[in-house]
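The file upload.cif contains mmCIF, C-alpha atoms and all ligand atoms:
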data_model
#
loop_
_atom_site.label_atom_id
_atom_site.label_comp_id
_atom_site.auth_asym_id
_atom_site.auth_seq_id
_atom_site.Cartn_x
_atom_site.Cartn_y
_atom_site.Cartn_z
CA MET A 1 15.12 23.23 -9.64
CA LYS A 2 15.51 19.72 -11.04
CA GLY A 3 17.16 16.54 -9.84
CA ILE A 4 17.37 12.85 -10.68
CA ILE A 5 15.49 10.35 -8.55
CA PHE A 6 14.72 6.67 -9.05
CA ASP A 7 11.84 5.99 -6.69
CA VAL A 8 9.28 7.44 -4.33
CA LYS A 9 8.06 5.12 -1.60
CA LYS A 10 4.84 6.05 0.16
CA TYR A 11 3.75 4.97 3.65
CA ALA A 12 7.33 4.07 4.62
CA ILE A 13 7.65 3.09 8.29
CA HIS A 14 11.35 2.18 8.50
CA ASP A 15 12.94 5.40 7.27
CA GLY A 16 12.58 7.57 10.35
CA PRO A 17 9.74 8.33 12.79
CA GLY A 18 6.08 7.87 11.89
CA ILE A 19 4.67 7.34 8.42
CA ARG A 20 6.86 8.90 5.75
CA THR A 21 7.30 9.40 2.04
CA THR A 22 10.81 8.38 1.02
CA VAL A 23 12.37 9.99 -2.03
CA PHE A 24 15.30 8.06 -3.49
CA PHE A 25 18.02 10.18 -5.12
CA LYS A 26 20.11 8.67 -7.89
CA GLY A 27 23.90 8.73 -7.58
CA CYS A 28 26.23 7.60 -4.81
CA PRO A 29 29.98 8.27 -4.36
CA LEU A 30 30.36 4.89 -2.66
CA ASN A 31 30.13 1.47 -4.24
CA CYS A 32 29.49 -0.86 -1.31
CA ILE A 33 29.99 -4.48 -2.23
CA TRP A 34 26.67 -5.31 -0.50
CA CYS A 35 24.70 -2.33 -1.84
CA HIS A 36 20.99 -3.01 -1.38
CA ASN A 37 20.09 -0.36 -3.99
CA PRO A 38 22.54 -1.00 -6.84
CA GLU A 39 20.24 0.93 -9.17
CA SER A 40 21.07 4.02 -7.11
CA ILE A 41 24.82 4.22 -7.69
CA ASN A 42 24.98 5.52 -11.27
CA PRO A 43 23.99 9.23 -11.17
CA GLU A 44 22.39 9.06 -14.62
CA PRO A 45 19.17 7.35 -15.73
CA GLU A 46 19.98 3.82 -16.98
CA PRO A 47 18.18 0.96 -18.73
CA SER A 48 16.81 -2.02 -16.86
CA LEU A 49 14.27 -4.78 -17.20
CA GLY A 50 10.89 -4.46 -15.55
CA TYR A 51 11.32 -1.11 -13.81
CA ARG A 52 8.50 1.42 -13.56
CA SER A 53 9.38 5.05 -13.07
CA PRO A 54 7.80 6.58 -9.94
CA PHE A 55 6.12 9.34 -11.89
CA GLN A 56 5.79 7.33 -15.11
CA LEU A 57 6.82 10.31 -17.15
CA ASN A 58 8.68 8.10 -19.60
CA GLN A 59 6.23 6.75 -22.16
CA LEU A 60 7.64 3.47 -23.45
CA ALA A 61 7.21 2.18 -26.98
CA GLU A 62 7.07 -1.59 -27.34
CA GLY A 63 10.58 -3.06 -27.28
CA ASP A 64 12.10 -0.05 -25.53
CA HIS A 65 14.21 -0.57 -22.45
CA GLU A 66 12.64 0.76 -19.33
CA VAL A 67 14.75 3.37 -17.63
CA ILE A 68 15.76 3.63 -13.99
CA GLY A 69 15.74 7.20 -12.81
CA GLU A 70 14.30 10.35 -14.22
CA GLU A 71 14.79 14.05 -14.00
CA VAL A 72 12.01 15.68 -12.02
CA THR A 73 11.36 19.12 -10.61
CA ALA A 74 11.32 19.81 -6.89
CA ASP A 75 7.72 21.01 -7.36
CA ALA A 76 6.71 17.62 -8.83
CA VAL A 77 8.26 15.82 -5.86
CA MET A 78 6.48 18.15 -3.44
CA ASP A 79 3.15 17.51 -5.18
CA GLN A 80 3.58 13.81 -4.35
CA VAL A 81 4.77 14.53 -0.82
CA LEU A 82 1.91 16.87 0.06
CA LYS A 83 -0.73 14.30 -0.92
CA ASP A 84 0.01 12.36 2.27
CA ARG A 85 0.30 15.23 4.69
CA ILE A 86 -2.54 13.86 6.84
CA TYR A 87 -0.52 10.69 7.53
CA TYR A 88 2.53 12.70 8.59
CA ASP A 89 0.46 14.90 10.88
CA GLU A 90 -1.26 11.96 12.55
CA SER A 91 1.83 9.75 12.96
CA GLY A 92 4.64 12.24 13.59
CA GLY A 93 6.05 11.34 10.18
CA GLY A 94 7.25 13.38 7.22
CA VAL A 95 9.66 13.05 4.33
CA THR A 96 12.89 11.08 4.09
CA PHE A 97 15.50 11.78 1.42
CA SER A 98 17.47 8.63 0.70
CA GLY A 99 19.24 7.04 -2.22
CA GLY A 100 21.85 6.67 -3.39
CA GLU A 101 23.31 9.62 -1.59
CA PRO A 102 21.00 12.66 -1.37
CA LEU A 103 23.94 14.96 -0.62
CA THR A 104 25.31 14.36 -4.16
CA GLN A 105 22.56 16.69 -5.48
CA PRO A 106 22.92 19.55 -2.99
CA ASP A 107 20.91 22.25 -4.79
CA PHE A 108 17.99 19.91 -5.43
CA LEU A 109 18.11 18.55 -1.88
CA VAL A 110 18.32 21.99 -0.24
CA SER A 111 15.48 23.24 -2.39
CA LEU A 112 13.28 20.29 -1.28
CA LEU A 113 14.30 20.70 2.35
CA GLU A 114 13.38 24.39 2.24
CA MET A 115 10.02 23.58 0.68
CA CYS A 116 9.34 20.98 3.40
CA LYS A 117 10.30 23.49 6.09
CA GLY A 118 7.93 26.02 4.48
CA GLU A 119 5.16 23.41 4.75
CA ARG A 120 6.20 22.43 8.31
CA ILE A 121 6.90 18.86 7.23
CA SER A 122 9.53 16.91 9.16
CA THR A 123 12.70 16.07 7.22
CA VAL A 124 15.05 13.10 7.48
CA VAL A 125 18.19 12.58 5.38
CA ASP A 126 19.52 9.05 5.09
CA THR A 127 23.21 9.46 4.25
CA SER A 128 26.50 7.66 3.81
CA GLY A 129 28.08 10.84 5.18
CA MET A 130 30.28 11.16 2.10
CA ALA A 131 29.96 14.79 0.98
CA GLY A 132 31.84 18.07 1.06
CA LYS A 133 31.74 20.03 4.33
CA GLU A 134 29.99 22.93 2.59
CA THR A 135 27.15 20.67 1.44
CA VAL A 136 26.68 19.19 4.89
CA GLU A 137 26.69 22.67 6.38
CA ARG A 138 24.08 23.94 3.90
CA ALA A 139 21.73 21.05 4.64
CA SER A 140 22.33 20.63 8.35
CA ASP A 141 19.91 23.19 9.79
CA LEU A 142 17.13 22.10 7.44
CA VAL A 143 17.24 18.45 8.50
CA ASP A 144 15.39 17.25 11.62
CA LEU A 145 17.17 13.90 11.74
CA PHE A 146 20.17 12.41 9.97
CA LEU A 147 20.26 8.62 9.53
CA PHE A 148 24.02 8.30 9.26
CA ASP A 149 25.81 5.09 8.18
CA ILE A 150 28.66 3.67 10.18
CA LYS A 151 30.06 0.71 8.31
CA LEU A 152 33.72 -0.08 8.97
CA ILE A 153 36.02 1.68 11.45
CA ASP A 154 39.26 0.68 9.78
CA GLY A 155 39.90 3.15 6.92
CA GLY A 156 41.61 0.52 4.74
CA GLN A 157 38.74 -1.94 5.11
CA HIS A 158 36.27 0.84 4.45
CA LYS A 159 38.03 1.65 1.19
CA ARG A 160 38.26 -2.00 0.24
CA TYR A 161 34.54 -2.69 0.65
CA THR A 162 32.94 0.66 -0.22
CA GLY A 163 35.47 2.22 -2.60
CA VAL A 164 36.25 5.21 -0.36
CA GLY A 165 38.04 5.85 2.93
CA ASN A 166 36.11 6.99 5.99
CA GLU A 167 37.98 10.15 7.10
CA ARG A 168 35.65 12.63 5.50
CA ILE A 169 32.60 10.66 6.65
CA ILE A 170 33.79 10.76 10.27
CA ASP A 171 34.61 14.48 9.95
CA ASN A 172 31.08 15.15 8.72
CA LEU A 173 29.53 13.13 11.52
CA ASP A 174 31.58 15.03 14.09
CA PHE A 175 30.60 18.31 12.47
CA LEU A 176 26.88 17.45 12.86
CA LEU A 177 27.31 16.28 16.43
CA LYS A 178 29.20 19.46 17.33
CA ARG A 179 26.27 21.46 16.00
CA ASN A 180 23.93 19.38 18.18
CA ARG A 181 22.07 18.01 15.18
CA GLN A 182 19.96 14.88 15.70
CA VAL A 183 21.88 11.89 14.36
CA GLU A 184 20.94 8.21 14.44
CA LEU A 185 23.63 5.76 13.36
CA ARG A 186 22.85 2.94 10.96
CA PHE A 187 25.05 -0.14 10.92
CA PRO A 188 24.75 -2.56 7.98
CA LEU A 189 25.45 -6.01 9.41
CA ILE A 190 27.13 -7.87 6.57
CA PRO A 191 28.38 -11.36 7.48
CA GLY A 192 32.11 -11.75 6.98
CA ILE A 193 32.61 -8.02 6.30
CA THR A 194 31.25 -5.74 9.03
CA ASP A 195 30.59 -8.30 11.78
CA GLY A 196 34.24 -8.98 12.76
CA SER A 197 35.03 -8.54 16.45
CA ASP A 198 37.59 -5.76 15.74
CA ASN A 199 35.01 -3.76 13.84
CA ILE A 200 32.31 -4.23 16.49
CA LYS A 201 34.75 -3.26 19.23
CA GLY A 202 35.99 -0.29 17.18
CA ILE A 203 32.46 0.99 16.59
CA ARG A 204 31.64 0.54 20.30
CA GLU A 205 34.62 2.73 21.22
CA PHE A 206 33.73 5.20 18.50
CA ILE A 207 30.24 5.61 20.02
CA ARG A 208 31.64 5.91 23.55
CA GLU A 209 33.76 8.85 22.39
CA ARG A 210 30.68 10.60 21.00
CA PRO A 211 28.07 11.20 23.70
CA GLY A 212 25.86 13.03 21.18
CA VAL A 213 25.01 9.65 19.63
CA LYS A 214 21.90 8.28 21.35
CA ARG A 215 20.48 5.75 18.92
CA MET A 216 21.54 3.17 16.39
CA SER A 217 19.74 0.82 14.01
CA ILE A 218 21.31 -2.43 12.91
CA LEU A 219 20.40 -3.29 9.33
CA PRO A 220 20.98 -7.02 8.79
CA TYR A 221 22.03 -8.10 5.30
CA HIS A 222 19.27 -9.56 3.14
CA ASP A 223 19.65 -11.19 -0.24
CA VAL A 224 19.70 -8.64 -3.05
CA GLU A 225 21.13 -10.80 -5.82
CA LYS A 226 17.97 -10.59 -7.97
CA LYS A 227 18.29 -6.81 -8.16
CA TYR A 228 21.80 -7.15 -9.60
CA THR A 229 20.62 -9.73 -12.13
CA LYS A 230 17.90 -7.35 -13.32
CA LEU A 231 20.50 -4.66 -13.88
CA GLY A 232 22.84 -7.07 -15.64
CA LEU A 233 25.46 -6.60 -12.91
CA ASP A 234 27.65 -9.18 -11.19
CA PHE A 235 27.02 -9.60 -7.48
CA ASP A 236 30.22 -10.42 -5.62
CA LEU A 237 28.39 -11.66 -2.52
CA GLY A 238 26.19 -14.21 -4.38
CA GLY A 239 25.07 -16.99 -2.02
CA LEU A 240 25.83 -15.02 1.16
CA LYS A 241 23.37 -15.96 3.90
CA PRO A 242 21.73 -13.31 6.10
CA PRO A 243 23.02 -13.21 9.71
CA ARG A 244 21.28 -15.42 12.28
CA GLU A 245 19.01 -13.97 14.95
CA LYS A 246 21.48 -14.92 17.67
CA GLU A 247 24.36 -13.07 15.99
CA ILE A 248 22.24 -9.98 15.50
CA GLU A 249 21.19 -10.00 19.16
CA GLY A 250 24.81 -10.47 20.29
CA ILE A 251 26.02 -7.48 18.28
CA ALA A 252 23.07 -5.36 19.43
CA SER A 253 23.94 -6.09 23.06
CA GLU A 254 27.60 -5.11 22.41
CA PHE A 255 26.48 -1.71 21.13
CA GLU A 256 23.96 -1.33 23.98
CA LYS A 257 26.86 -1.46 26.43
CA THR A 258 27.67 2.09 25.36
CA GLY A 259 24.31 3.23 26.81
CA ILE A 260 22.63 4.02 23.49
CA THR A 261 19.30 2.64 22.28
CA VAL A 262 19.77 -0.05 19.63
CA GLU A 263 17.07 -1.26 17.27
CA VAL A 264 17.17 -3.95 14.64
CA GLY A 265 15.81 -2.95 11.24
CA GLY A 266 15.38 0.51 9.80
S1 LIG B 301 26.27 4.09 0.56
FE1 LIG B 301 24.30 3.04 0.39
S2 LIG B 301 23.55 3.52 -1.66
FE2 LIG B 301 25.74 4.06 -1.63
S3 LIG B 301 26.75 2.23 -2.43
FE3 LIG B 301 26.72 2.05 -0.20
S4 LIG B 301 24.87 0.86 0.29
FE4 LIG B 301 24.69 1.61 -1.85
#

Once you've parsed the file, please lay out its structure as structure tokens.
Amino acid sequence: MKGIIFDVKKYAIHDGPGIRTTVFFKGCPLNCIWCHNPESINPEPEPSLGYRSPFQLNQLAEGDHEVIGEEVTADAVMDQVLKDRIYYDESGGGVTFSGGEPLTQPDFLVSLLEMCKGERISTVVDTSGMAGKETVERASDLVDLFLFDIKLIDGGQHKRYTGVGNERIIDNLDFLLKRNRQVELRFPLIPGITDGSDNIKGIREFIRERPGVKRMSILPYHDVEKKYTKLGLDFDLGGLKPPREKEIEGIASEFEKTGITVEVGG
């Protein structure tokens, strides 16, 4: 089984519990205006300046463009993952599948999840929630924890800033909660876009209506303009400043009123 990835990050400590290896899938059905991994959106390998492939399978001749993303086998990914098993065992860590959107490559993802289960390695999937019900169902019992984005409650705003509405995303979240799967929400705090009082209030109510949600991480915006420049893309939020500490704390305390645990950072 093969899939397309664009990075493998070792010793990750912000992508779920313990020390983890994070595998970044290429391809995302959303196109968030603030995307922190713009190299992840296109499902195909693409040229860029100064990028090194995680497995360095692409031998470059002088003058060639380097390529973001490569097709790899699930076995090759597992070879990398298994090298750090001792760190997972000692820290309560494991593997995180991120992206991009890992659910856009369901056969590859399920194959990796099954291999991790066979090796008794903990699995986390970091998802936008945008996928067919059948895909979510196939993956759900193989995933120990879903890191599930909640961005904008208003469907129109969601479509405006991410390119898609949020109905299917909410359906998928509810499906996982109904099956008592472990889900931690992730809220990207983007000044002027997701931090409006209506959105914060809407998300607070949304959480109150879902007692299965116990935890949330707030992910404050940080400047990603250089990444866009490297890819030759325009960045519509150029010059946007990260949120101030006080604003982050204020929003965290709003969400804490629902009784859940709120952390800042991944
Ligand atoms: S869901 Fe994540 S990876 Fe996909 S476009 Fe949005 S920020 Fe980027």

Find the residues near ligand LIG 301 (chain B). Use a cut-off of 7 Å, count all atoms listed in the file, and write them as an mmCIF file with C-alpha atoms, in the frame of the given file.
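Written output follows (result03.cif):
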data_model
loop_
_atom_site.group_PDB
_atom_site.id
_atom_site.type_symbol
_atom_site.label_atom_id
_atom_site.label_comp_id
_atom_site.auth_asym_id
_atom_site.auth_seq_id
_atom_site.Cartn_x
_atom_site.Cartn_y
_atom_site.Cartn_z
ATOM 1 C CA CYS A 28 26.230 7.600 -4.810
ATOM 2 C CA PRO A 29 29.980 8.270 -4.360
ATOM 3 C CA LEU A 30 30.360 4.890 -2.660
ATOM 4 C CA ASN A 31 30.130 1.470 -4.240
ATOM 5 C CA CYS A 32 29.490 -0.860 -1.310
ATOM 6 C CA TRP A 34 26.670 -5.310 -0.500
ATOM 7 C CA CYS A 35 24.700 -2.330 -1.840
ATOM 8 C CA HIS A 36 20.990 -3.010 -1.380
ATOM 9 C CA ASN A 37 20.090 -0.360 -3.990
ATOM 10 C CA PRO A 38 22.540 -1.000 -6.840
ATOM 11 C CA SER A 40 21.070 4.020 -7.110
ATOM 12 C CA ILE A 41 24.820 4.220 -7.690
ATOM 13 C CA GLY A 99 19.240 7.040 -2.220
ATOM 14 C CA GLY A 100 21.850 6.670 -3.390
ATOM 15 C CA GLU A 101 23.310 9.620 -1.590
ATOM 16 C CA SER A 128 26.500 7.660 3.810
ATOM 17 C CA THR A 162 32.940 0.660 -0.220
#

Query - Nearest to A:Gly27, chosen from A:Ser197, A:Gly94, A:Thr104, A:Val72, with all atoms listed in the file counted in the distances - result: A:Thr104

**Report entry** Nearest candidate to A:Arg168 (options A:Ala76, A:Ile33, A:Leu189, A:Ala131; using all atoms listed in the file)
**Finding:**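 For A:Arg168, the nearest of the candidates is A:Ala131.
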
Requested in this report: Could you give me, as a list in words, the residues that sit within 9 Å of (22.8, -6.6, -6.0) in the file's coordinates, counting all atoms listed in the file?
Outcome: Ile33, Trp34, Cys35, His36, Asn37, Pro38, Glu39, Asp223, Val224, Glu225, Lys226, Lys227, Tyr228, Thr229, Lys230, Leu231, Leu233, Asp234, Phe235, Asp236, Leu237 and Gly238 of chain A

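Atom CA of A:Pro242 is positioned 24.3 Å from atom CA of A:Phe24.
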
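If only C-alpha atoms are the atoms counted, then among A:Ser98, A:Thr127, A:Thr261, A:Thr194 the closest residue to A:Tyr161 is A:Thr194.
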
Report task. Select, from A:Met115, A:Pro47, A:Glu66, A:Ser122, the residue with the minimum atom-to-atom distance to A:Gly18, counting only C-alpha atoms. Result ->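 Nearest to A:Gly18: A:Ser122.
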
Selecting N, CA and C atoms, how would stretch 178-196 of chain A from this structure be written as a PDB file, in the first residue's frame?
ATOM      1  N   LYS A 178     -20.675   9.884  19.483  1.00  0.00           N
ATOM      2  CA  LYS A 178     -21.705   8.870  19.751  1.00  0.00           C
ATOM      3  C   LYS A 178     -21.086   7.497  19.949  1.00  0.00           C
ATOM      4  N   ARG A 179     -19.971   7.257  19.254  1.00  0.00           N
ATOM      5  CA  ARG A 179     -19.301   5.957  19.413  1.00  0.00           C
ATOM      6  C   ARG A 179     -18.303   5.965  20.559  1.00  0.00           C
ATOM      7  N   ASN A 180     -18.381   7.025  21.389  1.00  0.00           N
ATOM      8  CA  ASN A 180     -17.497   7.150  22.562  1.00  0.00           C
ATOM      9  C   ASN A 180     -16.013   7.111  22.212  1.00  0.00           C
ATOM     10  N   ARG A 181     -15.674   7.658  21.054  1.00  0.00           N
ATOM     11  CA  ARG A 181     -14.261   7.746  20.694  1.00  0.00           C
ATOM     12  C   ARG A 181     -13.647   8.946  21.431  1.00  0.00           C
ATOM     13  N   GLN A 182     -12.342   8.867  21.688  1.00  0.00           N
ATOM     14  CA  GLN A 182     -11.651   9.973  22.360  1.00  0.00           C
ATOM     15  C   GLN A 182     -11.419  11.100  21.349  1.00  0.00           C
ATOM     16  N   VAL A 183     -11.937  12.279  21.679  1.00  0.00           N
ATOM     17  CA  VAL A 183     -11.805  13.415  20.762  1.00  0.00           C
ATOM     18  C   VAL A 183     -11.342  14.642  21.550  1.00  0.00           C
ATOM     19  N   GLU A 184     -10.275  15.270  21.060  1.00  0.00           N
ATOM     20  CA  GLU A 184      -9.847  16.544  21.639  1.00  0.00           C
ATOM     21  C   GLU A 184     -10.029  17.615  20.568  1.00  0.00           C
ATOM     22  N   LEU A 185     -10.727  18.686  20.913  1.00  0.00           N
ATOM     23  CA  LEU A 185     -10.937  19.747  19.924  1.00  0.00           C
ATOM     24  C   LEU A 185      -9.682  20.602  19.795  1.00  0.00           C
ATOM     25  N   ARG A 186      -9.489  21.144  18.596  1.00  0.00           N
ATOM     26  CA  ARG A 186      -8.398  22.092  18.369  1.00  0.00           C
ATOM     27  C   ARG A 186      -8.982  23.340  17.724  1.00  0.00           C
ATOM     28  N   PHE A 187      -8.705  24.472  18.339  1.00  0.00           N
ATOM     29  CA  PHE A 187      -9.274  25.735  17.868  1.00  0.00           C
ATOM     30  C   PHE A 187      -8.155  26.659  17.388  1.00  0.00           C
ATOM     31  N   PRO A 188      -8.059  26.903  16.063  1.00  0.00           N
ATOM     32  CA  PRO A 188      -7.057  27.853  15.579  1.00  0.00           C
ATOM     33  C   PRO A 188      -7.531  29.285  15.871  1.00  0.00           C
ATOM     34  N   LEU A 189      -6.750  29.989  16.657  1.00  0.00           N
ATOM     35  CA  LEU A 189      -7.126  31.355  17.041  1.00  0.00           C
ATOM     36  C   LEU A 189      -6.497  32.330  16.048  1.00  0.00           C
ATOM     37  N   ILE A 190      -7.326  32.771  15.106  1.00  0.00           N
ATOM     38  CA  ILE A 190      -6.831  33.632  14.024  1.00  0.00           C
ATOM     39  C   ILE A 190      -7.444  35.019  14.202  1.00  0.00           C
ATOM     40  N   PRO A 191      -6.608  36.010  14.551  1.00  0.00           N
ATOM     41  CA  PRO A 191      -7.145  37.353  14.805  1.00  0.00           C
ATOM     42  C   PRO A 191      -7.980  37.871  13.636  1.00  0.00           C
ATOM     43  N   GLY A 192      -9.150  38.400  13.981  1.00  0.00           N
ATOM     44  CA  GLY A 192     -10.020  38.985  12.964  1.00  0.00           C
ATOM     45  C   GLY A 192     -10.846  37.964  12.205  1.00  0.00           C
ATOM     46  N   ILE A 193     -10.623  36.667  12.435  1.00  0.00           N
ATOM     47  CA  ILE A 193     -11.372  35.644  11.698  1.00  0.00           C
ATOM     48  C   ILE A 193     -12.104  34.681  12.649  1.00  0.00           C
ATOM     49  N   THR A 194     -11.363  34.050  13.551  1.00  0.00           N
ATOM     50  CA  THR A 194     -12.039  33.082  14.442  1.00  0.00           C
ATOM     51  C   THR A 194     -12.239  33.629  15.852  1.00  0.00           C
ATOM     52  N   ASP A 195     -11.708  34.832  16.131  1.00  0.00           N
ATOM     53  CA  ASP A 195     -11.756  35.314  17.520  1.00  0.00           C
ATOM     54  C   ASP A 195     -12.946  36.238  17.813  1.00  0.00           C
ATOM     55  N   GLY A 196     -13.887  36.360  16.871  1.00  0.00           N
ATOM     56  CA  GLY A 196     -15.057  37.223  17.098  1.00  0.00           C
ATOM     57  C   GLY A 196     -15.923  36.682  18.239  1.00  0.00           C
TER      58      GLY A 196
END
